[in-house]
Structure formats: C-alpha cells, structure tokens
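What follows is a set of notes on a single structure, which appears directly below.
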Amino acid sequence: MRLVVGVDGSESSLRAVDWAADNAALRRTPLRLVYASLWERYEGASLAQGADRPSEQVMAEEIVQTAERRARRRQPDVHVTTDVLPEEPEQALVRESHSALAVVLGHRGRSGMTEAILGSVGVTVAEHAHCPVVVLRCDHADRARPGTPGRIVLGVDEKPAGSAALRFAAEEAGLRGVPLEAVHVSRHGVTGALPGRGGGEREPDAVPALDEALRDVPIGLEVLRRTVSGRPCDGLLAASRDAALLVVGARRRPGHFGPQLGRVAHGVLHHAACPVAVVPELS
C-alpha cells in the first residue's frame with residue numbers, strides 16, 4: 001500500500017507533497033505522485049517549451065518532475081514514483097484510492113480562477129474515495145509536518161460513523177506520538193471535558209457516543225474526551241485551531257452515486273485551521 005498525492009503544479013499541491021512525504025516516512029511506505037492531465041482543461045493552455053511536443057505534455061512532465069524533486073529533498077529515504085494519467089482528476093484519484101493508504105490533496109489550484117473547480121475535485125474525491133482523503137491548504141504549512149506538536153482530533157456525532165475513522169486517527173496519533181482527542185459536538189448541554197479528563201459535566205447523549213467511538217482505541221494511546229455545545233461544524237472548527245490533523249468519518253450509502261458528504265464534512269474541508277482527513281464509513 002502507498003500514499004497517493006494528486007499534484008497540479010500549485011503551491012497548495014506542493015504542500016500536500018510535503019505532508020505526504022513526511023507521512024510516508026513515518027509509515028515507511030512508498031509515495032505515488034499523480035497528475036491527471038485533463039486538469040489542463042481547467043487551468044488553460046501552457047506555452048510549449050519544445051516545438052516537437054504538445055504544451056500539455058510539457059506541462060505534465062514539469063509538474064510531476066517538480067513534485068518528485070520536492071518529495072525527494074524532503075524525505076530522501078522514501079521511495080517515490082510518478083504517473084501522468086490522461087483522464088479527469090476525479091476519476092483518476094478515486095480509482096487510485098482502491099490501492100492507497102490515503103489520497104492527499106491540496107485545497108486549490110494554480111490560480112484563484114480555478115479554486116472553485118479544483119475545490120470541487122477535492123470534494124468529489126472525498127465523497128467517493130475508497131480510502132481516507134487528506135486535504136490541506138497553504139496556510140496549514142506550519143502545522144502540516146507530522147513532527148510538529150499538536151494532537152489528532154476525531155469528530156464524533158450522536159451516531160458514531162464507525163471504527164474506520166478511529167483507526168485512522170489513532171494510527172496518526174500513534175505514529176506522531178501525540179494524544180488523540182475525541183470531540184463530541186451537541187446542540188445542547190454543557191461544554192467541557194468529561195470527568196477524569198479535566199472536569200466538566202456529562203451530557204446525556206455525549207457519554208454513549210464517545211464510549212461507542214472509542215471502544216476499539218489501541219491500548220497505551222493517550223486519549224482525551226471532550227464535549228462541545230453548539231453547531232457541530234463550529235465546534236470542530238474551533239478544535240482544529242491547535243490540532244495537527246482533524247479526522248471526520250463520512251458515511252457511505254452503497255449503490256448511491258450522488259453527494260456522499262454532509263454539511264459538517266463540507267464545512268471543515270473548506271474552513272478548518274489544520275489539515276482534514278475524511279475517512280469513508282459504510283452504513
């Protein structure tokens with residue numbers, strides 16, 4: 001298994017390469033850098049630097065070579081491969097997700113004009129990928145490196161999505177040697193830590209949800225449990241401010257081909273103050 005990064009030549013995608021290279025080093029797993037060449041439709045034609053080759057081919061080669069050099073400088077011991085795929089980015093990355101530990105993406109493209117289009121690519125991949133999808137922005141750079149301090153935050157709702165999000169969050173926390181904080185957001189009740197974790201009062205619906213979410217937590221991992229009152233998206237965005245990674249589960253409905261992400265996942269993907277991992281859960 002390997003980590004896959006969707007690259008497009010933007011600074012945001014190069015930050016994604018940095019994050020993935022560091023994570024691949026921690027996991028001792030290969031890194032695959034993929035450029036879906038039909039991104040050219042969205043970005044506009046690039047001037048060819050050789051008269052014997054189409055501009056799209058020149059651009060594609062430059063993009064993957066630049067990303068490869070960056071990954072090798074960042075983590076020389078990580079095995080890096082690249083590929084240019086002549087198809088739409090959504091299709092390419094969802095297919096890549098079948099054999100990936102995670103797919104890593106930047107938040108935006110090479111210009112403000114393409115941000116909404118490439119943002120929709122990230123959302124589509126997060127909706128349909130078969131593995132976790134990590135999305136990060138350029139302003140996440142200071143906390144994106146796995147070696148930097150900061151806990152891993154796991155979002156938990158009244159009906160925990162399942163164990164896949166917990167497994168991914170716990171593995172990230174274990175690899176980095178940092179605590180895992182499970183955050184349950186309720187529209188009613190009292191904000192605070194649960195007894196035994198710094199005081200506060202128990203919300204009637206919070207304890208079962210957190211207990212269910214954390215039932216398979218690995219032994220020896222430091223776990224923090226926190227309840228927050230208010231809108232779920234707002235609570236997780238607040239928790240992201242001093243986190244290294246925010247992990248949310250995404251329930252999948254087999255046979256359903258429409259949008260698969262709820263409002264909370266959409267909100268944190270676009271506005272979280274740290275990288276976000278969306279982990280698919282079958283319901």
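Ligands are numbered from 1 in the order shown, residues from 1 within each chain, and chains are lettered A, B, ... in the order they appear in the structure tokens.
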
Find the residues near Thr82 in chain A: any atom within 8 Å, counting only C-alpha atoms, skip ones fewer than 3 places away on the same chain, and give them as a list in words. Arg32, Leu33, Val34, Val64 and Glu68 of chain A

Polymer residues at most 10 Å from Gly174 in chain A, only C-alpha atoms, same-chain spacing of 2 or more positions, as number ranges by chain: A: 152, 168-172, 176-180, 218, 220-222

Between CA of Glu127 in chain A and CA of Ala25 in chain A, measure the distance and give it in Å to one decimal.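 Taking CA of Glu127 in chain A and CA of Ala25 in chain A, their separation equals 26.9 Å.
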
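In terms of minimum interatomic distance to Trp19 in chain A, A:Val104 ranks closest within A:Ala273, A:Leu236, A:Val104, A:Val248, counting only C-alpha atoms.
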
Here CA of Ser186 in chain A and CA of His107 in chain A stand apart by 28.2 Å

Given only C-alpha atoms as the counted atoms, nearest of A:Ala24, A:Val153, A:Ala16, A:Val7 to Ile63 in chain A: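 Checking each of A:Ala24, A:Val153, A:Ala16, A:Val7 against Ile63 in chain A, counting only C-alpha atoms, the winner is A:Val7.
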
My list of candidates is A:Arg252, A:Val94, A:Arg74, A:Leu105. Which is closest to Asp8 in chain A when distances are computed with only C-alpha atoms?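 Once distances to Asp8 in chain A are computed over only C-alpha atoms, the minimum belongs to A:Leu105.
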
Among range 58-96 of chain A, which ones does DSSP assign to helix (DSSP H, G or I) (computed from the backbone)? Answer as an NGL selection string. :A and (58-74 or 89-96)

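Residues with any atom within 8 Å of Val78 in chain A, counting only C-alpha atoms and excluding same-chain neighbours fewer than 6 positions away, are A:Ala21, A:Ala24, A:Ala25, A:Arg28, A:Thr29, A:Pro30, A:Leu31, A:Arg72.
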
Minimum-distance residue to Asn23 in chain A, chosen among A:Leu136, A:Leu85, A:Leu175, A:Val247 (using only C-alpha atoms):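 Smallest separation from Asn23 in chain A among the options: A:Leu175.
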